[in-house]
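S.K.: Structure file work05.txt (compact mmCIF, C-alpha atoms (C1' of nucleotides)) right here:
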# COMPACT_ATOMS: atom_id res chain seq x y z
CA MET A 19 0.00 0.00 0.00
CA THR A 20 1.51 3.34 -1.00
CA LYS A 21 1.32 6.37 1.16
CA ASP A 22 -0.60 9.34 -0.16
CA THR A 23 1.91 12.13 0.21
CA THR A 24 -0.55 14.79 -0.88
CA LYS A 25 -2.43 14.39 2.38
CA ASN A 26 -1.32 15.63 5.74
CA ASN A 27 -2.53 13.36 8.49
CA LEU A 28 -2.23 15.89 11.28
CA LEU A 29 -4.15 18.61 9.44
CA ASP A 30 -6.77 16.09 8.34
CA LYS A 31 -7.16 14.89 11.88
CA TYR A 32 -8.20 18.35 13.03
CA ASN A 33 -10.13 19.09 9.86
CA ILE A 34 -7.89 21.97 8.83
CA ALA A 35 -8.16 22.87 5.16
CA MET A 36 -4.95 24.32 3.76
CA TRP A 37 -5.16 26.89 0.97
CA GLU A 38 -4.44 26.00 -2.62
CA GLU A 39 -0.97 26.72 -3.97
CA GLY A 40 -1.93 29.97 -5.69
CA LYS A 41 -3.39 31.42 -2.54
CA ILE A 42 -0.35 30.33 -0.55
CA GLU A 43 1.96 32.14 -2.96
CA ALA A 44 -0.17 35.26 -2.84
CA PHE A 45 -0.07 35.16 0.95
CA ARG A 46 3.72 34.86 0.99
CA GLN A 47 4.06 37.83 -1.29
CA ARG A 48 1.63 40.00 0.68
CA LEU A 49 3.27 39.14 3.98
CA LEU A 50 6.86 39.63 2.81
CA THR A 51 6.08 42.88 1.01
CA TRP A 52 4.61 44.19 4.25
CA TYR A 53 7.63 42.92 6.17
CA ASP A 54 10.12 44.56 3.81
CA LYS A 55 8.40 47.87 4.40
CA GLN A 56 7.35 47.61 8.05
CA LYS A 57 9.84 45.34 9.76
CA ARG A 58 11.24 46.54 13.04
CA ASP A 59 14.86 47.61 13.10
CA LEU A 60 16.33 45.30 15.73
CA PRO A 61 20.00 44.78 16.63
CA TRP A 62 19.99 41.07 15.82
CA ARG A 63 18.62 41.81 12.37
CA GLN A 64 21.88 43.49 11.40
CA THR A 65 23.84 40.25 11.45
CA SER A 66 23.74 36.75 10.04
CA ASP A 67 26.09 35.34 12.68
CA PRO A 68 24.32 32.24 14.03
CA TYR A 69 25.82 32.90 17.46
CA CYS A 70 24.18 36.32 17.62
CA ILE A 71 20.88 34.99 16.29
CA TRP A 72 20.98 32.25 18.89
CA VAL A 73 21.71 34.64 21.76
CA SER A 74 18.84 36.87 20.70
CA GLU A 75 16.42 33.96 20.43
CA ILE A 76 17.26 32.65 23.89
CA MET A 77 16.82 36.10 25.40
CA LEU A 78 13.53 36.57 23.59
CA GLN A 79 12.01 33.44 25.11
CA GLN A 80 9.02 34.66 27.12
CA THR A 81 10.58 38.11 27.17
CA GLN A 82 9.58 41.25 25.33
CA VAL A 83 11.72 42.85 22.62
CA ASN A 84 12.18 46.16 24.43
CA THR A 85 13.46 44.38 27.52
CA VAL A 86 15.92 42.30 25.52
CA ILE A 87 17.62 44.99 23.42
CA PRO A 88 20.01 46.44 26.06
CA TYR A 89 20.80 42.98 27.43
CA TYR A 90 21.59 41.75 23.93
CA GLU A 91 23.91 44.66 23.15
CA ARG A 92 25.83 44.22 26.39
CA PHE A 93 26.04 40.44 26.09
CA ILE A 94 27.38 40.45 22.53
CA GLY A 95 29.69 43.35 23.37
CA THR A 96 31.17 41.43 26.29
CA LEU A 97 31.18 37.97 24.70
CA PRO A 98 31.48 38.50 20.93
CA THR A 99 32.07 34.85 20.04
CA ILE A 100 30.81 31.48 21.15
CA LYS A 101 34.31 30.71 22.41
CA ASP A 102 34.08 33.69 24.76
CA LEU A 103 30.78 32.35 26.05
CA ALA A 104 32.13 28.83 26.54
CA GLU A 105 35.04 30.16 28.58
CA ALA A 106 33.14 32.71 30.66
CA PRO A 107 32.68 31.97 34.38
CA GLU A 108 29.08 31.44 35.46
CA ASP A 109 29.15 34.53 37.66
CA VAL A 110 30.01 36.70 34.66
CA LEU A 111 27.18 35.15 32.67
CA LEU A 112 24.67 35.60 35.47
CA LYS A 113 25.76 39.22 35.92
CA LEU A 114 25.05 39.80 32.21
CA TRP A 115 21.69 38.07 32.67
CA GLU A 116 20.81 39.72 35.99
CA GLY A 117 17.20 40.93 35.93
CA LEU A 118 16.19 39.01 32.78
CA GLY A 119 14.82 36.04 34.70
CA TYR A 120 14.71 32.35 33.83
CA TYR A 121 18.36 32.07 34.76
CA SER A 122 18.66 28.47 33.56
CA ARG A 123 18.58 29.91 30.06
CA VAL A 124 22.08 31.34 30.37
CA ARG A 125 23.41 28.32 32.22
CA ASN A 126 22.13 26.14 29.40
CA MET A 127 23.76 28.45 26.86
CA LYS A 128 27.13 27.87 28.44
CA VAL A 129 26.57 24.11 28.21
CA ALA A 130 25.55 24.46 24.57
CA ALA A 131 28.57 26.66 23.82
CA ASN A 132 30.82 23.91 25.13
CA GLN A 133 28.93 21.39 23.00
CA VAL A 134 29.71 23.52 19.97
CA MET A 135 33.37 23.89 20.95
CA ASN A 136 33.84 20.18 21.57
CA GLU A 137 31.64 18.61 18.92
CA TYR A 138 31.81 21.15 16.11
CA GLY A 139 35.20 22.78 16.60
CA GLY A 140 33.63 26.05 17.66
CA LEU A 141 31.60 26.42 14.47
CA PHE A 142 27.86 26.66 15.07
CA PRO A 143 26.22 23.54 13.56
CA THR A 144 24.33 24.22 10.36
CA GLU A 145 21.79 21.38 10.37
CA HIS A 146 18.43 21.72 12.09
CA LYS A 147 18.80 18.27 13.63
CA GLN A 148 22.15 19.20 15.17
CA ILE A 149 20.92 22.56 16.40
CA LEU A 150 17.96 20.93 18.13
CA LYS A 151 20.33 18.80 20.21
CA LEU A 152 22.00 21.80 21.83
CA LYS A 153 21.10 22.38 25.48
CA GLY A 154 18.31 24.90 25.90
CA ILE A 155 17.30 24.82 22.25
CA GLY A 156 13.84 23.42 21.65
CA PRO A 157 11.59 23.23 18.60
CA TYR A 158 11.00 26.97 18.36
CA THR A 159 14.59 28.16 18.75
CA ALA A 160 15.97 25.42 16.49
CA GLY A 161 13.55 26.50 13.78
CA ALA A 162 14.35 30.17 14.28
CA VAL A 163 18.13 29.74 14.06
CA SER A 164 17.86 27.27 11.17
CA SER A 165 15.67 29.55 9.11
CA ILE A 166 17.15 32.93 10.02
CA ALA A 167 20.86 32.09 10.11
CA PHE A 168 20.98 29.19 7.64
CA ASN A 169 18.04 29.83 5.35
CA GLN A 170 16.45 26.45 5.95
CA PRO A 171 12.66 26.08 5.52
CA GLU A 172 11.96 25.08 9.12
CA PRO A 173 8.96 26.30 11.10
CA ALA A 174 9.57 28.52 14.14
CA VAL A 175 6.28 28.37 15.97
CA ASP A 176 5.96 30.61 19.01
CA GLY A 177 3.00 32.25 20.67
CA ASN A 178 2.78 34.89 17.95
CA VAL A 179 2.64 32.36 15.14
CA MET A 180 0.00 30.26 16.88
CA ARG A 181 -2.15 33.32 17.48
CA VAL A 182 -1.80 34.50 13.87
CA LEU A 183 -2.59 31.09 12.40
CA SER A 184 -5.48 30.55 14.80
CA ARG A 185 -7.11 33.68 13.47
CA LEU A 186 -6.23 33.17 9.83
CA PHE A 187 -7.68 29.64 9.77
CA GLU A 188 -10.16 29.71 12.67
CA ILE A 189 -8.24 27.03 14.54
CA ASP A 190 -10.02 25.86 17.69
CA LEU A 191 -6.99 24.18 19.27
CA ASP A 192 -5.92 25.41 22.70
CA ILE A 193 -2.63 27.19 22.01
CA GLY A 194 -1.67 26.69 25.65
CA LYS A 195 -1.36 22.94 25.14
CA ALA A 196 2.03 21.59 24.17
CA SER A 197 0.52 19.18 21.65
CA SER A 198 -0.98 21.99 19.58
CA ARG A 199 2.38 23.30 18.42
CA LYS A 200 2.93 20.36 16.08
CA VAL A 201 -0.23 21.12 14.18
CA PHE A 202 0.83 24.70 13.59
CA GLU A 203 4.27 23.48 12.52
CA GLU A 204 2.68 21.34 9.82
CA MET A 205 0.76 24.37 8.58
CA ILE A 206 3.94 26.43 8.45
CA ARG A 207 5.73 23.71 6.49
CA LEU A 208 3.14 24.21 3.77
CA LEU A 209 2.99 27.97 4.00
CA ILE A 210 6.63 28.92 4.43
CA ASP A 211 8.36 30.73 1.58
CA PRO A 212 11.10 28.37 0.34
CA ASP A 213 13.19 31.29 -0.90
CA ARG A 214 13.00 33.42 2.24
CA PRO A 215 12.17 31.10 5.15
CA GLY A 216 13.88 33.26 7.80
CA ASP A 217 12.10 36.40 6.68
CA PHE A 218 8.81 34.52 6.44
CA ASN A 219 9.07 33.31 10.03
CA GLN A 220 10.11 36.71 11.30
CA ALA A 221 7.36 38.41 9.31
CA LEU A 222 4.77 36.22 10.99
CA MET A 223 6.20 37.09 14.39
CA ASP A 224 6.33 40.80 13.59
CA LEU A 225 2.73 40.60 12.47
CA GLY A 226 1.79 38.95 15.75
CA ALA A 227 3.73 41.49 17.79
CA THR A 228 2.56 44.66 16.05
CA VAL A 229 -0.77 43.98 14.30
CA CYS A 230 -2.26 40.64 15.25
CA THR A 231 -1.80 41.28 18.95
CA PRO A 232 -3.56 39.67 21.91
CA LYS A 233 -5.15 42.98 22.97
CA ASN A 234 -6.33 45.91 20.86
CA TYR A 235 -6.54 43.68 17.84
CA HIS A 236 -8.10 45.32 14.78
CA PRO A 237 -8.14 42.78 11.97
CA GLU A 238 -9.14 45.34 9.36
CA THR A 239 -5.68 46.93 9.72
CA SER A 240 -3.84 43.72 8.86
CA PRO A 241 -1.90 43.44 5.59
CA VAL A 242 -3.30 39.92 5.22
CA ARG A 243 -6.91 40.60 6.22
CA ASP A 244 -8.15 39.18 2.89
CA PHE A 245 -6.67 35.85 3.95
CA ASN A 246 -8.11 35.99 7.45
CA ALA A 247 -11.07 33.62 7.75
CA SER A 248 -11.94 34.84 11.25
CA TYR A 249 -12.10 38.42 9.96
CA LEU A 250 -14.13 37.54 6.88
CA ASN A 251 -16.51 35.46 9.02
CA ASP A 252 -16.52 38.01 11.85
CA SER A 253 -15.46 35.31 14.31
CA TRP A 254 -12.09 36.79 15.19
CA LYS A 255 -13.04 37.51 18.78
CA ASN A 256 -13.07 33.76 19.39
CA TYR A 257 -9.41 33.30 18.52
CA PRO A 258 -6.99 32.14 19.68
CA VAL A 259 -8.45 29.58 22.07
CA LYS A 260 -6.55 29.58 25.33
CA LYS A 261 -7.41 28.24 28.74
CA SER A 262 -6.84 30.65 31.60
CA LYS A 263 -3.97 29.96 33.91
CA THR A 264 -4.25 29.04 37.57
CA LYS A 265 -3.64 31.75 40.11
CA GLN A 266 -0.33 32.15 41.91
CA THR A 267 0.00 30.56 45.30
CA GLU A 268 1.11 32.91 48.06
CA GLU A 269 4.06 32.33 50.35
CA GLU A 270 5.00 34.50 53.32
CA TYR A 271 8.59 34.89 54.45
CA ILE A 272 10.56 36.68 57.09
CA VAL A 273 13.62 38.04 55.30
CA LEU A 274 16.65 38.79 57.43
CA GLY A 275 19.32 41.36 56.72
CA LEU A 276 21.90 39.92 59.05
CA ILE A 277 25.17 41.78 59.44
CA ASN A 278 28.35 40.39 61.01
CA ASN A 279 31.01 42.25 62.96
CA GLN A 280 32.85 43.05 59.74
CA GLY A 281 29.89 44.84 58.24
CA GLU A 282 29.05 42.05 55.81
CA TYR A 283 25.56 40.75 55.08
CA ALA A 284 24.72 37.07 55.11
CA PHE A 285 23.36 35.51 51.93
CA GLU A 286 22.38 32.00 51.01
CA LYS A 287 22.59 30.28 47.65
CA ARG A 288 19.32 28.59 46.80
CA GLY A 289 19.36 24.90 45.98
CA SER A 290 19.84 23.39 42.56
CA LYS A 291 16.11 22.86 42.08
CA GLY A 292 13.13 25.12 42.37
CA VAL A 293 12.62 28.83 41.95
CA LEU A 294 15.74 31.04 41.66
CA SER A 295 17.94 27.94 41.87
CA GLY A 296 21.56 28.72 42.57
CA MET A 297 20.89 32.42 43.09
CA LEU A 298 21.86 34.48 46.14
CA VAL A 299 19.11 35.56 48.51
CA PHE A 300 18.98 36.94 52.02
CA ILE A 301 18.05 34.37 54.62
CA MET A 302 14.36 33.68 54.15
CA VAL A 303 12.22 31.81 56.64
CA ASP A 304 8.83 30.46 55.64
CA ARG A 305 6.35 31.85 58.17
CA SER A 306 4.11 28.82 57.82
CA LEU A 307 6.90 26.85 59.51
CA LEU A 308 7.05 29.31 62.42
CA ARG A 309 3.49 30.20 63.25
CA GLN A 310 1.25 28.45 65.72
CA LYS A 311 -2.19 27.31 64.66
CA ASN A 312 -4.18 30.20 66.11
CA TRP A 313 -1.61 32.95 65.79
CA LYS A 314 -4.07 35.33 64.16
CA GLU A 315 -6.21 35.52 67.30
CA PHE A 316 -3.58 37.24 69.38
CA HIS A 317 -1.29 38.74 66.76
CA GLN A 318 -2.40 42.28 65.98
CA ASP A 319 0.58 44.37 64.88
CA PRO A 320 1.88 43.14 61.50
CA SER A 321 5.12 45.12 61.85
CA VAL A 322 6.23 43.12 64.88
CA ILE A 323 7.05 39.42 65.03
CA GLU A 324 4.86 37.76 67.64
CA ALA A 325 6.77 36.33 70.63
CA ASN A 326 6.22 32.64 69.92
CA GLU A 327 7.14 33.06 66.28
CA LEU A 328 10.28 34.99 67.19
CA GLU A 329 11.34 32.28 69.57
CA THR A 330 10.88 29.59 66.95
CA LEU A 331 12.74 31.74 64.45
CA THR A 332 15.70 32.11 66.79
CA ARG A 333 15.86 28.37 67.36
CA TYR A 334 15.58 27.76 63.63
CA LEU A 335 18.49 30.07 62.83
CA LYS A 336 20.68 28.32 65.38
CA GLN A 337 19.78 24.88 64.15
CA GLU A 338 19.90 25.48 60.40
CA TYR A 339 22.65 28.08 60.11
CA GLY A 340 24.51 27.89 63.41
CA LEU A 341 23.73 31.55 63.99
CA GLU A 342 23.09 33.36 67.23
CA VAL A 343 21.50 36.63 66.36
CA ASN A 344 19.99 39.71 67.85
CA ILE A 345 16.98 40.51 65.70
CA LYS A 346 15.56 44.00 65.84
CA ASN A 347 11.86 43.30 66.17
CA GLU A 348 10.72 46.25 64.13
CA ARG A 349 9.95 45.63 60.50
CA LYS A 350 12.37 47.48 58.24
CA GLY A 351 9.98 47.20 55.32
CA LYS A 352 7.87 44.85 53.26
CA CYS A 353 7.59 43.99 49.61
CA THR A 354 6.04 41.47 47.28
CA HIS A 355 7.52 39.65 44.35
CA ILE A 356 5.33 37.99 41.76
CA PHE A 357 6.57 35.03 39.76
CA SER A 358 4.70 33.34 36.95
CA HIS A 359 3.21 30.76 39.29
CA LEU A 360 3.70 32.04 42.85
CA LYS A 361 3.78 35.20 44.92
CA TRP A 362 6.16 36.05 47.72
CA GLN A 363 5.13 38.29 50.59
CA LEU A 364 8.34 39.47 52.22
CA ASP A 365 8.62 41.11 55.67
CA ILE A 366 12.13 42.44 56.16
CA TYR A 367 13.91 42.60 59.50
CA GLU A 368 17.47 43.42 60.43
CA GLY A 369 19.76 41.82 62.96
CA MET A 370 23.30 41.47 64.25
CA ILE A 371 25.16 38.20 64.15
CA LEU A 372 26.49 37.59 67.66
CA ASN A 373 28.07 34.21 67.08
CA GLU A 374 28.63 31.81 64.20
CA SER A 375 29.12 28.09 64.52
CA PRO A 376 28.95 25.50 61.75
CA GLY A 377 25.37 24.99 60.63
CA SER A 378 23.74 22.72 58.10
CA ARG A 379 23.59 25.48 55.51
CA GLU A 380 26.44 27.44 53.97
CA LEU A 381 26.36 31.22 54.06
CA HIS A 382 28.02 33.81 51.86
CA TYR A 383 29.08 37.10 53.39
CA ILE A 384 29.14 40.10 51.11
CA HIS A 385 30.14 43.64 52.00
CA PRO A 386 27.89 46.44 50.72
CA ASP A 387 30.80 47.86 48.71
CA ALA A 388 31.01 44.58 46.78
CA PHE A 389 27.28 44.14 46.25
CA ASP A 390 27.32 45.34 42.65
CA ARG A 391 29.89 42.77 41.63
CA HIS A 392 27.60 39.84 42.34
CA PRO A 393 24.58 38.68 40.33
CA PHE A 394 21.36 38.89 42.30
CA PRO A 395 17.78 38.08 41.37
CA VAL A 396 15.29 40.91 41.58
CA PRO A 397 13.74 39.90 44.95
CA THR A 398 17.19 40.18 46.53
CA GLN A 399 17.68 43.58 44.92
CA LYS A 400 14.32 44.76 46.24
CA VAL A 401 15.21 43.72 49.78
CA TRP A 402 18.65 45.28 49.42
CA ASP A 403 17.13 48.59 48.40
CA LEU A 404 14.86 48.55 51.43
CA ILE A 405 17.63 47.68 53.87
CA THR A 406 20.09 50.27 52.59
CA LYS A 407 17.46 52.94 52.01
CA ILE A 408 18.29 56.17 53.78
CA THR A 409 15.31 57.28 55.81
CA LEU A 410 14.58 60.97 55.35
CA PHE A 411 12.91 62.90 58.13
C1' DA B 20 1.22 15.94 29.92
C1' DA B 21 1.30 19.42 32.79
C1' DG B 22 3.65 22.11 36.03
C1' DC B 23 7.69 24.59 36.85
C1' DC B 24 10.84 28.36 35.75
C1' DG B 25 11.49 35.45 36.32
C1' DT B 26 10.40 39.72 35.20
C1' DG B 27 8.21 43.93 33.52
C1' DG B 28 4.49 46.17 31.10
C1' DC B 29 -0.08 47.18 30.43
C1' DA B 30 -5.25 47.78 30.58
C1' DT C 5 -5.43 45.99 41.93
C1' DT C 6 -5.46 42.00 39.41
C1' DG C 7 -4.74 39.22 35.64
C1' DC C 8 -2.79 38.53 31.33
C1' DC C 9 0.89 38.43 28.31
C1' DA C 10 5.84 38.04 26.09
C1' DA C 11 10.46 35.38 19.87
C1' DG C 12 9.74 28.50 25.28
C1' DG C 13 12.39 24.63 27.33
C1' DC C 14 12.91 21.15 30.78
C1' DT C 15 11.34 17.37 33.47
How would this structure read if it were set down as structure tokens?
M.R.:
Amino acid sequence: MTKDTTKNNLLDKYNIAMWEEGKIEAFRQRLLTWYDKQKRDLPWRQTSDPYCIWVSEIMLQQTQVNTVIPYYERFIGTLPTIKDLAEAPEDVLLKLWEGLGYYSRVRNMKVAANQVMNEYGGLFPTEHKQILKLKGIGPYTAGAVSSIAFNQPEPAVDGNVMRVLSRLFEIDLDIGKASSRKVFEEMIRLLIDPDRPGDFNQALMDLGATVCTPKNYHPETSPVRDFNASYLNDSWKNYPVKKSKTKQTEEEYIVLGLINNQGEYAFEKRGSKGVLSGMLVFIMVDRSLLRQKNWKEFHQDPSVIEANELETLTRYLKQEYGLEVNIKNERKGKCTHIFSHLKWQLDIYEGMILNESPGSRELHYIHPDAFDRHPFPVPTQKVWDLITKITLF
DNA sequence: AAGCCGTGGCA
DNA sequence: TTGCCAAGGCT
């Protein structure tokens, strides 16, 4: 039995009707003409160096263009080649990444850079299959680098592309589900311009970022509105389909700015798993571990640690860190930090370290004058600003 | 498969 | 204020 290569099983399965060849070619031309005229002038569009394209694509993961631009300039300026990246100490990399978030991205880049040095002699691999094997490079980024840097007709399906295609074809798939991406990739394989695959992919993303946006979407302003089934059928408000996310869970911490007799603050490196893994934070103690069952009944003043909780805290610091401290029971300040899936409520207190003995957790002592030399995640920076803030009367 | 991983911007 | 969203990948 011979396979019918004119049919696409995945598109058939979801009853998606692809356009005929003439319409596809007209679409390519309309989209690329618009792109040639309207494309955004971005730093990584002034190079064809796969290393630079790669760096930009990693930074752009779940991060907006305007945020990325200064980070990209500084990163490429500091580490102009993949060899520089492979040889850079992790602290230097994290300092360049500080504030961008998702810090495993840059750690993975260093691993990938070493893969390229060891397996490809420092030359970025040119084949999509090889690129996909690099640490931190998934289906989207492999497609982006392949098409943009090496002119290969590979799909690069991100949130923009899924939103654009959902509206163009009235696709009812939930774009939040991982399995949906493959369907959109099959569509792109048929749509992509074989002569300008990189520009085609970028044009679709530009369209999603500037015209076919999640909010304030006006389909009549689109350069490809004639191709847009959801516009022609006035169903565009239904697309894309996306399930709403679950709310962040809240966690409350006492954060301690503990200073030793040399004027240094105590920090802790978070574990290798979980949020902010391997990053420096002030000592944080989960209040749910400290509080008694009915603490709310007798605890009135939120700026003061209740006596029982303070006692437990003191014991905890001795046991976990080997620290004897004198905590000033007057809240220095409070702040919140919101992650994608959780929310931290931080109450900040200061204290003096009276005695240190070996504890189960290692501490790092950093003098205020040296603070800027270390990479810190934003929550640590927020707490730092509160602790060192000069109070004006 | 679905939950985890940061941060800033915006209505 | 709150929730959503952004050029996703890993486990």
S.K.: If we count all atoms listed in the file, what is near Ala227 (chain A) at a cut-off of 10 Å, once residues fewer than 5 positions away on the same chain are taken out, given as a list in words?
M.R.: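 Counting only the stated atoms, we get Gln82, Val83, Gly177, Asn178, Val179, Val182, Ala221, Leu222 and Pro232 of chain A; DA10 and DA11 of chain C.
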S.K.: Which one of A:Phe142, A:Asn219, A:Asn234, A:Ser198 sits closest to DA30 (chain B) if you count only C-alpha atoms (C1' of nucleotides)?
M.R.: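 When distances to DA30 (chain B) are compared using only C-alpha atoms (C1' of nucleotides), the smallest one comes from A:Asn234.
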S.K.: Taking only C-alpha atoms into account, name the residue in A:Gly289, A:Pro173, A:Gly216, A:Gly154 that is nearest to Met77 (chain A).
M.R.: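 Of A:Gly289, A:Pro173, A:Gly216, A:Gly154, the one nearest Met77 (chain A), counting only C-alpha atoms, is A:Gly154.
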S.K.: Under the rule that only C-alpha atoms (C1' of nucleotides) are counted, which of A:Thr51, A:Glu269, A:Ser164, A:Lys291 is the nearest residue to DT15 (chain C)?
M.R.: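 Once distances to DT15 (chain C) are computed over only C-alpha atoms (C1' of nucleotides), the minimum belongs to A:Lys291.
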S.K.: What are the residues of chain B lining chain A at 7 Å or less? Count only C-alpha atoms (C1' of nucleotides), and put the answer as a ChimeraX atom specification.
M.R.: /B:24-26
S.K.: My list of candidates is A:Leu341, A:Leu60, A:Leu331, A:Met223. Which is closest to chain C when distances are computed with only C-alpha atoms (C1' of nucleotides)?
M.R.: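 Of all the options, A:Met223 lies closest to chain C.
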S.K.: Taking only C-alpha atoms (C1' of nucleotides) into account, name the residue in A:Val110, A:Ile301, A:Ile206, A:Ile71 that is nearest to chain C.
M.R.: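 Ranked by minimum distance to chain C, first place goes to A:Ile71.
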S.K.: So how far away is CA of Asn278 (chain A) from CA of His385 (chain A), in Å?
M.R.: 9.7 Å
S.K.: For a quick check of understanding, using all atoms listed in the file, which of A:Ala167, A:Leu209, A:Met370, A:Leu152 has the smallest distance to chain C?
M.R.: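 Distance minimum relative to chain C lands on A:Leu152.
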S.K.: For CA of Ala174 (chain A) and CA of Glu203 (chain A), quote the distance in Å rounded to one decimal.
M.R.: 7.5 Å
S.K.: If I take CA of Leu103 (chain A) and CA of Leu141 (chain A), how far is one from the other in Å, to one decimal?
M.R.: 13.0 Å
S.K.: Report as JSON the centre and the edge lengths, in Å to one decimal, of the axis-aligned box holding every listed atom of chain C, padded by 5 Å on each side.
M.R.:
{"center_x": 3.7, "center_y": 31.7, "center_z": 30.9, "size_x": 28.4, "size_y": 38.6, "size_z": 32.1}
